[in-house]
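Heads up, input39.cif below (mmCIF, C-alpha atoms):
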data_my_file
loop_
_atom_site.label_atom_id
_atom_site.label_comp_id
_atom_site.auth_asym_id
_atom_site.auth_seq_id
_atom_site.Cartn_x
_atom_site.Cartn_y
_atom_site.Cartn_z
CA MET A 1 138.39 48.11 7.25
CA ALA A 2 136.01 45.23 7.79
CA THR A 3 132.80 45.30 5.80
CA THR A 4 129.58 44.98 7.72
CA VAL A 5 127.45 42.32 6.10
CA LEU A 6 123.79 41.95 7.01
CA LEU A 7 122.35 38.85 5.41
CA SER A 8 119.04 37.10 5.81
CA ALA A 9 118.81 33.38 6.39
CA LEU A 10 118.08 32.96 2.68
CA ALA A 11 121.27 34.65 1.52
CA VAL A 12 123.56 32.61 -0.72
CA ALA A 13 127.31 32.85 -0.18
CA PRO A 14 129.47 33.41 -3.26
CA THR A 15 131.29 30.40 -4.66
CA ALA A 16 134.75 31.94 -4.44
CA VAL A 17 135.63 34.05 -1.43
CA ASP A 18 138.66 35.15 0.54
CA GLU A 19 139.54 32.90 3.44
CA GLY A 20 138.83 35.65 5.94
CA SER A 21 135.75 37.11 4.29
CA ALA A 22 132.41 37.23 6.05
CA ALA A 23 130.99 34.60 3.71
CA ALA A 24 133.90 32.23 4.34
CA MET A 25 133.66 32.64 8.10
CA MET A 26 129.92 32.06 8.05
CA ALA A 27 130.44 28.88 6.06
CA ARG A 28 133.00 27.62 8.60
CA ILE A 29 130.69 28.27 11.51
CA GLU A 30 127.59 26.88 9.80
CA GLY A 31 129.20 23.66 8.61
CA ALA A 32 130.45 20.54 10.38
CA GLN A 33 133.65 21.35 12.22
CA SER A 34 137.16 20.35 11.22
CA PRO A 35 139.03 18.99 13.03
CA ASN A 36 136.22 16.85 14.35
CA ARG A 37 136.55 16.60 18.13
CA GLN A 38 133.37 14.53 18.29
CA GLY A 39 130.61 15.88 20.49
CA LEU A 40 128.65 18.40 18.40
CA ASP A 41 131.41 19.02 15.84
CA PRO A 42 129.97 16.65 13.18
CA LEU A 43 126.73 18.66 13.09
CA THR A 44 125.95 21.62 10.89
CA LEU A 45 124.41 24.65 12.54
CA GLN A 46 121.00 23.69 11.23
CA GLN A 47 121.44 20.19 12.61
CA LEU A 48 122.41 21.71 15.97
CA MET A 49 119.23 23.77 15.95
CA ASP A 50 117.18 20.69 15.09
CA ARG A 51 118.91 18.57 17.75
CA PHE A 52 118.08 21.04 20.52
CA HIS A 53 114.70 22.17 19.15
CA VAL A 54 115.68 25.79 18.58
CA PRO A 55 113.48 27.32 15.86
CA GLY A 56 115.45 30.53 15.32
CA VAL A 57 118.88 32.02 15.95
CA SER A 58 120.35 35.47 15.34
CA VAL A 59 124.13 35.92 15.32
CA ALA A 60 126.34 39.01 15.08
CA VAL A 61 130.13 38.67 14.99
CA ILE A 62 132.50 41.50 15.91
CA ARG A 63 135.96 41.79 14.36
CA ASP A 64 138.34 44.75 14.56
CA PHE A 65 135.79 46.80 16.54
CA GLU A 66 133.17 46.46 13.80
CA ILE A 67 130.34 44.10 12.96
CA HIS A 68 131.94 41.69 10.51
CA TRP A 69 128.65 39.95 9.76
CA ALA A 70 125.20 39.34 11.15
CA LYS A 71 122.76 36.70 10.06
CA GLY A 72 119.47 35.09 11.00
CA TYR A 73 118.81 31.35 10.90
CA GLY A 74 115.56 29.41 11.02
CA VAL A 75 112.15 30.80 11.88
CA ALA A 76 111.07 33.55 14.24
CA ASP A 77 107.66 31.95 14.82
CA VAL A 78 106.78 28.30 14.21
CA GLU A 79 103.10 29.20 13.91
CA ASN A 80 103.51 31.31 10.77
CA GLY A 81 106.93 30.21 9.53
CA ARG A 82 108.30 33.76 9.37
CA ARG A 83 112.05 33.66 8.91
CA VAL A 84 114.58 35.24 11.25
CA ASP A 85 116.28 38.18 9.56
CA ALA A 86 118.56 41.05 10.56
CA ASP A 87 115.59 43.06 11.85
CA SER A 88 114.07 40.30 14.01
CA VAL A 89 113.91 41.41 17.65
CA PHE A 90 114.35 39.00 20.55
CA GLN A 91 114.00 39.47 24.28
CA ALA A 92 117.47 40.25 25.62
CA ALA A 93 116.39 38.99 29.04
CA SER A 94 119.18 39.65 31.55
CA ILE A 95 121.39 41.33 28.95
CA SER A 96 119.02 44.19 29.75
CA LYS A 97 121.07 44.64 32.93
CA PRO A 98 124.43 45.75 31.45
CA VAL A 99 122.64 48.07 29.02
CA THR A 100 120.92 49.57 32.07
CA ALA A 101 124.30 49.76 33.80
CA MET A 102 125.58 52.01 31.02
CA ALA A 103 122.69 54.42 31.70
CA VAL A 104 123.46 54.32 35.44
CA LEU A 105 127.07 55.24 34.72
CA ARG A 106 126.01 58.03 32.36
CA ALA A 107 123.90 59.47 35.18
CA VAL A 108 126.95 59.21 37.46
CA GLN A 109 129.11 60.88 34.83
CA ASP A 110 126.54 63.68 34.57
CA GLY A 111 126.69 64.24 38.33
CA ARG A 112 123.19 62.98 39.17
CA PHE A 113 124.51 60.71 41.91
CA SER A 114 127.60 58.69 42.81
CA LEU A 115 128.18 54.98 42.38
CA ASP A 116 128.88 54.85 46.10
CA ASP A 117 125.93 56.87 47.39
CA ASP A 118 123.47 55.25 49.78
CA ILE A 119 120.65 54.13 47.47
CA ASN A 120 118.10 55.59 49.90
CA THR A 121 119.50 59.07 49.21
CA ILE A 122 118.62 58.59 45.52
CA LEU A 123 115.26 56.86 45.91
CA LYS A 124 112.24 59.14 46.48
CA SER A 125 109.14 57.01 45.80
CA TRP A 126 110.25 54.02 47.93
CA LYS A 127 112.98 53.26 50.46
CA LEU A 128 114.95 50.14 51.23
CA PRO A 129 113.88 49.24 54.79
CA ALA A 130 116.44 49.99 57.48
CA SER A 131 118.45 46.98 58.59
CA GLU A 132 121.26 46.13 60.96
CA LEU A 133 122.96 44.67 57.85
CA THR A 134 123.35 48.13 56.32
CA ARG A 135 124.54 49.92 59.45
CA ARG A 136 128.24 49.77 58.54
CA GLN A 137 127.95 49.71 54.74
CA ALA A 138 125.03 51.14 52.76
CA VAL A 139 123.56 49.54 49.67
CA THR A 140 124.87 51.54 46.72
CA PRO A 141 124.39 51.65 42.94
CA ARG A 142 127.77 49.91 42.59
CA ALA A 143 126.58 47.09 44.84
CA LEU A 144 123.20 46.76 43.13
CA MET A 145 124.69 46.58 39.62
CA SER A 146 127.38 44.04 40.61
CA HIS A 147 125.10 41.70 42.60
CA THR A 148 127.05 42.36 45.80
CA SER A 149 124.34 44.37 47.59
CA GLY A 150 123.49 41.68 50.15
CA LEU A 151 119.96 41.36 48.84
CA GLY A 152 118.63 37.82 49.11
CA ASP A 153 115.95 37.60 46.44
CA GLY A 154 118.05 35.73 43.90
CA PHE A 155 115.45 36.08 41.15
CA GLY A 156 114.91 35.66 38.12
CA PHE A 157 111.56 36.83 36.76
CA PRO A 158 108.91 34.60 35.14
CA GLY A 159 107.18 37.49 33.38
CA TYR A 160 103.43 37.96 32.92
CA HIS A 161 100.91 36.80 30.34
CA PRO A 162 100.02 39.81 28.16
CA PHE A 163 96.46 39.84 29.53
CA ALA A 164 97.44 39.43 33.19
CA ALA A 165 97.56 42.29 35.70
CA ARG A 166 101.05 43.73 36.01
CA PRO A 167 102.63 45.25 39.12
CA THR A 168 104.27 48.62 39.50
CA VAL A 169 107.97 48.76 40.31
CA VAL A 170 107.17 49.47 43.96
CA GLU A 171 104.84 46.45 44.10
CA ILE A 172 107.64 44.31 42.66
CA LEU A 173 110.09 45.52 45.32
CA ASN A 174 107.54 44.93 48.08
CA GLY A 175 106.49 41.54 46.71
CA SER A 176 102.85 42.67 46.86
CA LYS A 177 100.08 41.66 44.48
CA PRO A 178 99.95 41.39 41.56
CA SER A 179 103.72 40.76 41.68
CA ASN A 180 104.62 37.10 41.10
CA VAL A 181 107.97 37.26 42.95
CA GLY A 182 108.93 37.78 46.57
CA ALA A 183 109.94 40.98 48.28
CA VAL A 184 113.46 42.38 48.00
CA LEU A 185 115.08 41.77 51.41
CA MET A 186 118.55 42.10 52.89
CA GLU A 187 120.28 38.79 53.58
CA ARG A 188 123.87 39.81 54.37
CA GLU A 189 126.05 42.90 54.56
CA PRO A 190 126.89 44.53 51.22
CA PHE A 191 130.11 43.48 49.48
CA THR A 192 130.48 40.26 51.47
CA ALA A 193 129.45 37.85 48.67
CA VAL A 194 127.91 37.68 45.22
CA LYS A 195 124.28 36.64 44.87
CA TYR A 196 122.55 37.36 41.60
CA SER A 197 119.74 39.82 42.29
CA GLY A 198 117.24 40.82 39.67
CA GLY A 199 115.44 42.63 42.45
CA GLY A 200 118.51 44.77 43.08
CA VAL A 201 118.61 45.89 39.45
CA THR A 202 114.87 46.63 39.64
CA MET A 203 115.62 48.85 42.64
CA MET A 204 118.15 50.66 40.47
CA GLN A 205 115.46 51.10 37.81
CA LEU A 206 113.33 52.99 40.32
CA ALA A 207 116.33 55.02 41.51
CA LEU A 208 117.10 56.14 37.94
CA MET A 209 113.49 57.18 37.43
CA ASP A 210 113.44 59.08 40.72
CA ALA A 211 116.77 60.81 40.04
CA LEU A 212 116.02 61.84 36.46
CA GLY A 213 112.27 62.35 36.77
CA LYS A 214 111.46 60.49 33.54
CA PRO A 215 109.94 57.14 32.52
CA PHE A 216 112.52 54.38 32.31
CA PRO A 217 112.11 53.68 28.54
CA GLU A 218 112.70 57.38 27.83
CA ILE A 219 115.82 57.38 30.01
CA MET A 220 117.27 54.39 28.19
CA GLN A 221 116.47 55.81 24.76
CA SER A 222 118.05 59.18 25.45
CA LEU A 223 121.12 58.01 27.38
CA VAL A 224 122.10 54.76 25.65
CA LEU A 225 120.01 53.38 22.79
CA GLY A 226 119.84 56.58 20.77
CA PRO A 227 123.47 57.67 21.10
CA ILE A 228 124.80 54.22 20.20
CA GLY A 229 122.43 53.85 17.24
CA MET A 230 120.53 50.85 18.59
CA THR A 231 117.65 51.61 16.23
CA HIS A 232 115.86 48.27 16.62
CA SER A 233 115.91 48.29 20.43
CA ALA A 234 113.42 49.41 23.06
CA TYR A 235 112.56 48.84 26.69
CA GLU A 236 108.95 48.37 25.64
CA GLN A 237 106.74 46.04 27.67
CA PRO A 238 104.38 44.97 26.26
CA LEU A 239 105.43 45.46 22.65
CA SER A 240 103.34 47.70 20.43
CA ASP A 241 101.70 46.13 17.39
CA GLN A 242 104.18 47.98 15.19
CA HIS A 243 107.23 46.46 16.89
CA ASP A 244 105.59 43.08 17.40
CA ARG A 245 105.62 42.55 13.62
CA HIS A 246 109.39 42.04 13.89
CA ALA A 247 109.36 40.12 17.18
CA ALA A 248 110.42 36.51 17.54
CA ARG A 249 108.04 34.20 19.35
CA ALA A 250 108.94 32.45 22.60
CA HIS A 251 109.16 28.66 22.25
CA SER A 252 109.35 25.77 24.68
CA GLY A 253 112.40 23.58 25.14
CA GLY A 254 110.82 21.27 22.59
CA GLY A 255 110.64 24.07 20.04
CA ARG A 256 106.86 24.41 20.25
CA ALA A 257 104.71 27.52 20.43
CA MET A 258 103.37 28.18 23.91
CA ASP A 259 100.09 29.68 25.09
CA THR A 260 101.05 33.23 24.10
CA LYS A 261 103.66 34.78 21.84
CA TRP A 262 105.77 36.23 24.66
CA HIS A 263 105.63 37.23 28.31
CA VAL A 264 105.65 40.82 29.54
CA TYR A 265 108.38 42.07 31.90
CA PRO A 266 107.65 45.22 33.91
CA GLU A 267 111.10 44.66 35.48
CA LEU A 268 112.47 46.67 32.58
CA ALA A 269 116.02 47.26 33.81
CA ALA A 270 116.56 43.61 34.64
CA ALA A 271 114.71 41.84 31.83
CA GLY A 272 112.71 44.19 29.60
CA LEU A 273 114.87 44.97 26.54
CA TRP A 274 113.75 43.90 23.06
CA THR A 275 116.64 44.08 20.60
CA THR A 276 118.61 42.45 17.79
CA SER A 277 121.97 40.74 17.82
CA THR A 278 123.29 43.60 15.68
CA ASP A 279 122.22 46.25 18.16
CA LEU A 280 123.77 44.36 21.07
CA ALA A 281 126.97 44.06 19.04
CA LYS A 282 126.92 47.87 18.66
CA PHE A 283 126.62 48.11 22.43
CA ALA A 284 129.63 45.82 22.95
CA ILE A 285 131.69 47.74 20.40
CA GLU A 286 130.90 51.02 22.14
CA ILE A 287 132.27 49.58 25.39
CA GLN A 288 135.40 48.32 23.63
CA LYS A 289 136.06 51.61 21.88
CA ALA A 290 135.28 53.79 24.87
CA ALA A 291 137.70 51.80 27.03
CA LEU A 292 140.47 52.61 24.55
CA GLY A 293 139.48 56.27 24.19
CA ARG A 294 138.18 55.79 20.64
CA SER A 295 134.58 56.75 21.37
CA SER A 296 132.67 58.76 23.96
CA ARG A 297 129.11 58.69 22.67
CA VAL A 298 127.89 57.61 26.12
CA LEU A 299 130.77 57.15 28.56
CA SER A 300 134.29 58.48 28.99
CA PRO A 301 137.19 55.98 29.15
CA SER A 302 137.48 56.34 32.92
CA THR A 303 133.76 55.83 33.47
CA VAL A 304 133.36 52.85 31.13
CA ARG A 305 136.13 51.05 33.00
CA GLU A 306 133.67 50.68 35.88
CA MET A 307 131.87 48.19 33.59
CA LEU A 308 135.12 46.29 33.03
CA THR A 309 136.70 46.18 36.50
CA PRO A 310 135.29 43.73 39.07
CA VAL A 311 134.21 45.45 42.26
CA GLY A 312 136.43 43.21 44.38
CA VAL A 313 133.96 40.51 45.39
CA GLY A 314 133.23 37.96 42.66
CA ASP A 315 133.59 38.43 38.92
CA TYR A 316 131.04 41.21 38.36
CA ALA A 317 131.90 44.77 37.50
CA VAL A 318 129.11 47.35 37.18
CA GLY A 319 126.67 45.44 34.99
CA LEU A 320 129.00 42.95 33.33
CA ALA A 321 130.71 39.70 34.29
CA ILE A 322 134.45 39.69 33.62
CA THR A 323 135.81 36.30 32.68
CA LYS A 324 139.05 34.72 31.48
CA LYS A 325 138.82 32.38 28.49
CA GLY A 326 142.04 30.88 27.24
CA GLU A 327 144.58 33.69 27.40
CA GLY A 328 142.06 36.49 26.99
CA TRP A 329 139.88 38.59 29.28
CA TYR A 330 136.29 39.09 28.20
CA PHE A 331 133.19 40.93 29.33
CA ALA A 332 130.00 38.94 29.11
CA HIS A 333 126.39 38.55 30.10
CA GLY A 334 123.79 35.91 29.39
CA GLY A 335 120.03 36.09 29.34
CA SER A 336 117.13 33.74 29.96
CA ASN A 337 113.51 34.82 29.72
CA TRP A 338 110.42 32.68 29.15
CA GLY A 339 111.10 31.13 25.72
CA PHE A 340 114.31 33.05 24.98
CA GLN A 341 118.04 32.40 25.58
CA CYS A 342 120.88 34.71 24.56
CA ASP A 343 124.51 35.63 25.22
CA LEU A 344 126.95 38.50 24.71
CA LEU A 345 130.70 37.83 24.82
CA ALA A 346 133.39 40.33 23.80
CA HIS A 347 137.13 40.73 24.34
CA ARG A 348 138.18 43.44 26.75
CA LEU A 349 141.01 44.72 24.52
CA LYS A 350 141.19 43.12 21.09
CA GLY A 351 137.99 44.30 19.44
CA TYR A 352 136.24 41.03 18.76
CA GLY A 353 133.20 39.24 20.12
CA VAL A 354 129.87 37.61 19.35
CA VAL A 355 126.20 38.04 20.23
CA ILE A 356 123.80 35.12 19.89
CA MET A 357 120.04 35.25 20.45
CA THR A 358 117.62 32.30 20.31
CA ASN A 359 113.87 31.90 20.67
CA SER A 360 113.75 28.66 22.66
CA ASP A 361 114.09 27.57 26.27
CA SER A 362 116.68 25.07 25.02
CA GLY A 363 118.88 27.58 23.23
CA ARG A 364 121.89 27.39 25.56
CA PRO A 365 123.69 24.38 23.96
CA VAL A 366 123.39 26.02 20.53
CA ILE A 367 124.70 29.32 21.93
CA ASN A 368 127.70 27.58 23.50
CA ALA A 369 128.48 25.70 20.28
CA ILE A 370 128.30 28.84 18.15
CA GLU A 371 130.59 30.72 20.53
CA ASP A 372 133.13 27.90 20.32
CA ARG A 373 132.91 27.86 16.51
CA VAL A 374 133.35 31.61 16.21
CA ALA A 375 136.36 31.54 18.53
CA ALA A 376 137.94 28.72 16.52
CA ALA A 377 137.20 30.26 13.11
CA TYR A 378 138.61 33.67 14.05
CA GLY A 379 141.54 32.34 16.08
CA TRP A 380 140.61 34.15 19.28
CA ASP A 381 143.56 34.39 21.67
CA SER A 382 145.73 32.25 19.46
CA LEU A 383 149.18 33.01 18.10
CA ASP A 384 148.40 30.73 15.16
CA LYS A 385 145.58 32.80 13.71
CA PRO A 386 143.87 32.25 10.37
CA VAL A 387 144.57 34.72 7.60
CA LEU A 388 141.79 37.30 7.93
CA ARG A 389 142.84 39.87 5.32
#

What's the structure tokens form of this structure?
Amino acid sequence: MATTVLLSALAVAPTAVDEGSAAAMMARIEGAQSPNRQGLDPLTLQQLMDRFHVPGVSVAVIRDFEIHWAKGYGVADVENGRRVDADSVFQAASISKPVTAMAVLRAVQDGRFSLDDDINTILKSWKLPASELTRRQAVTPRALMSHTSGLGDGFGFPGYHPFAARPTVVEILNGSKPSNVGAVLMEREPFTAVKYSGGGVTMMQLALMDALGKPFPEIMQSLVLGPIGMTHSAYEQPLSDQHDRHAARAHSGGGRAMDTKWHVYPELAAAGLWTTSTDLAKFAIEIQKAALGRSSRVLSPSTVREMLTPVGVGDYAVGLAITKKGEGWYFAHGGSNWGFQCDLLAHRLKGYGVVIMTNSDSGRPVINAIEDRVAAAYGWDSLDKPVLR
């Protein structure tokens, strides 16, 4: 069985290790790449971070349905030099959406509503305005969580300065002050095309609250975060002083501190999760195991497959994008909040994957490079795999 290794950025790898050990794999990923295909291969991970002005990175690698290793690199906050470690929390940004999707599916599994119910039969405190576009096909939870609802907002949330007025969920949906985004409006019939809709997921946030009669953070803690053991995660906006001690700072694309440590996201379901790479890896592993009938802490095998099967328009299932890379099928989701970039990528069947979180607007090239290095080091979807045992 793989050994979970949680190391800080200051950890020193042993001088003699097995080829497939966590320390050996970390060294391969952190060093210049061989063979050198040019591009970014000649750079070490630290040089990559310097090149793209990314102060801090947190990585968790999944192998054989377990966390093989997790490690922090660089600094969480350039103002005080605090290092990234295994407990450093980052904004998950849009990776909040698939975690929310798991709670939606748990509510479905518990009989609270159906994935294919008209959303207006679930909502109590607000209703989606009637439209000719919904006459033949209603907007449903399935449509909202797969970005096929026909909503035309297309956002994306900029967040709010911690001292700024923040809107309620209803004010966000209506686009009324102090919301800083437009109203959620129908643009086409449901299930005719994919258009990414943060507003649609925010509508689902309100529907969950109305259906279960509880605050959204409490719903997420009881249905998903607690059962999976995501002990360093919370839909908490703004962060309490206690949790802020472990929070990474948002940084500009130049790696500089901005006018406040982080923005606040009342759009909790779509963008409000604070978490670690390790906790998101636990989330991915739970999906992998549940799909194979090896776990049911949140969802049954039949229910979790809704997260892994595209709805029929585009590449989104309920909450997750399904993508083919090489010869393998993966579930994935990225995230981009003010000063944070992150990604989750995991194999649908084989029990491996990676989560990468950064605290810079320019984190995407580093994320892409790390994903490529992990895939190469572990021989993802290759018949010529490295010796891992």

Exercise. For A:Ala290, which residue out of A:Thr323, A:Gly351, A:Ile122, A:Leu173 is the nearest one, using only C-alpha atoms?
Worked result: A:Gly351

For this session: Skip A:Gly229 itself and residues of its chain fewer than 2 positions away, then list as a list in words all residues within 9 Å of it, counting only C-alpha atoms.
Result: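 Result of the neighbour search: Val224, Leu225, Gly226, Pro227, Thr231, His232, Asp279, Lys282 and Phe283 of chain A.
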
For this session: For atom CA of A:Thr278 and atom CA of A:Trp69, quote the distance in Å rounded to one decimal.
Result: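 For atom CA of A:Thr278 relative to atom CA of A:Trp69, the distance reads 8.8 Å.
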
Exercise. Which residues fall under the PyMOL selection byres ((chain A and resi 193) around 9) in this file, as a list of chain:residue names?
Worked result: A:His147, A:Thr148, A:Ser149, A:Gly150, A:Arg188, A:Glu189, A:Pro190, A:Phe191, A:Thr192, A:Val194, A:Lys195, A:Val313, A:Gly314

Exercise. Evaluating the PyMOL selection byres ((chain A and resi 266) around 12) on the displayed file yields which residues, as a ChimeraX atom specification?
Worked result: /A:93,157-162,164-173,178-180,199,202,205-206,216-217,235-239,263-265,267-273

Exercise. Any idea what the distance is between atom CA of A:Val57 and atom CA of A:Arg297?
Worked result: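 Atom CA of A:Arg297 lies 29.3 Å from atom CA of A:Val57.
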
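Across the model, the gap from atom CA of A:Ala103 to atom CA of A:Ile219 is 7.7 Å.
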
For this session: Starting from the shown file, work through the PyMOL selection byres ((chain A and resi 55) around 10) and note down what comes out as a VMD selection string.
Result: chain A and resid 46 49 to 50 52 to 54 56 to 57 73 to 78 81 83 to 84 248 to 252 254 to 257 358 to 360 362 to 363

Problem set entry | Non-local contacts of A:Gly39 (12 Å; all atoms listed in the file; under 6 positions in same chain excluded) as a list in words |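 Once the nearby chain positions are removed, what remains is Ala32, Gln33, Leu48, Pro365 and Ala369 of chain A.
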
For this session: May I ask which of the residues A:Ala377, A:Ala86, A:His243, A:Ser197 is the closest one to A:Ser34, counting only C-alpha atoms?
Result: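 Under the stated criterion, the closest residue is A:Ala377.
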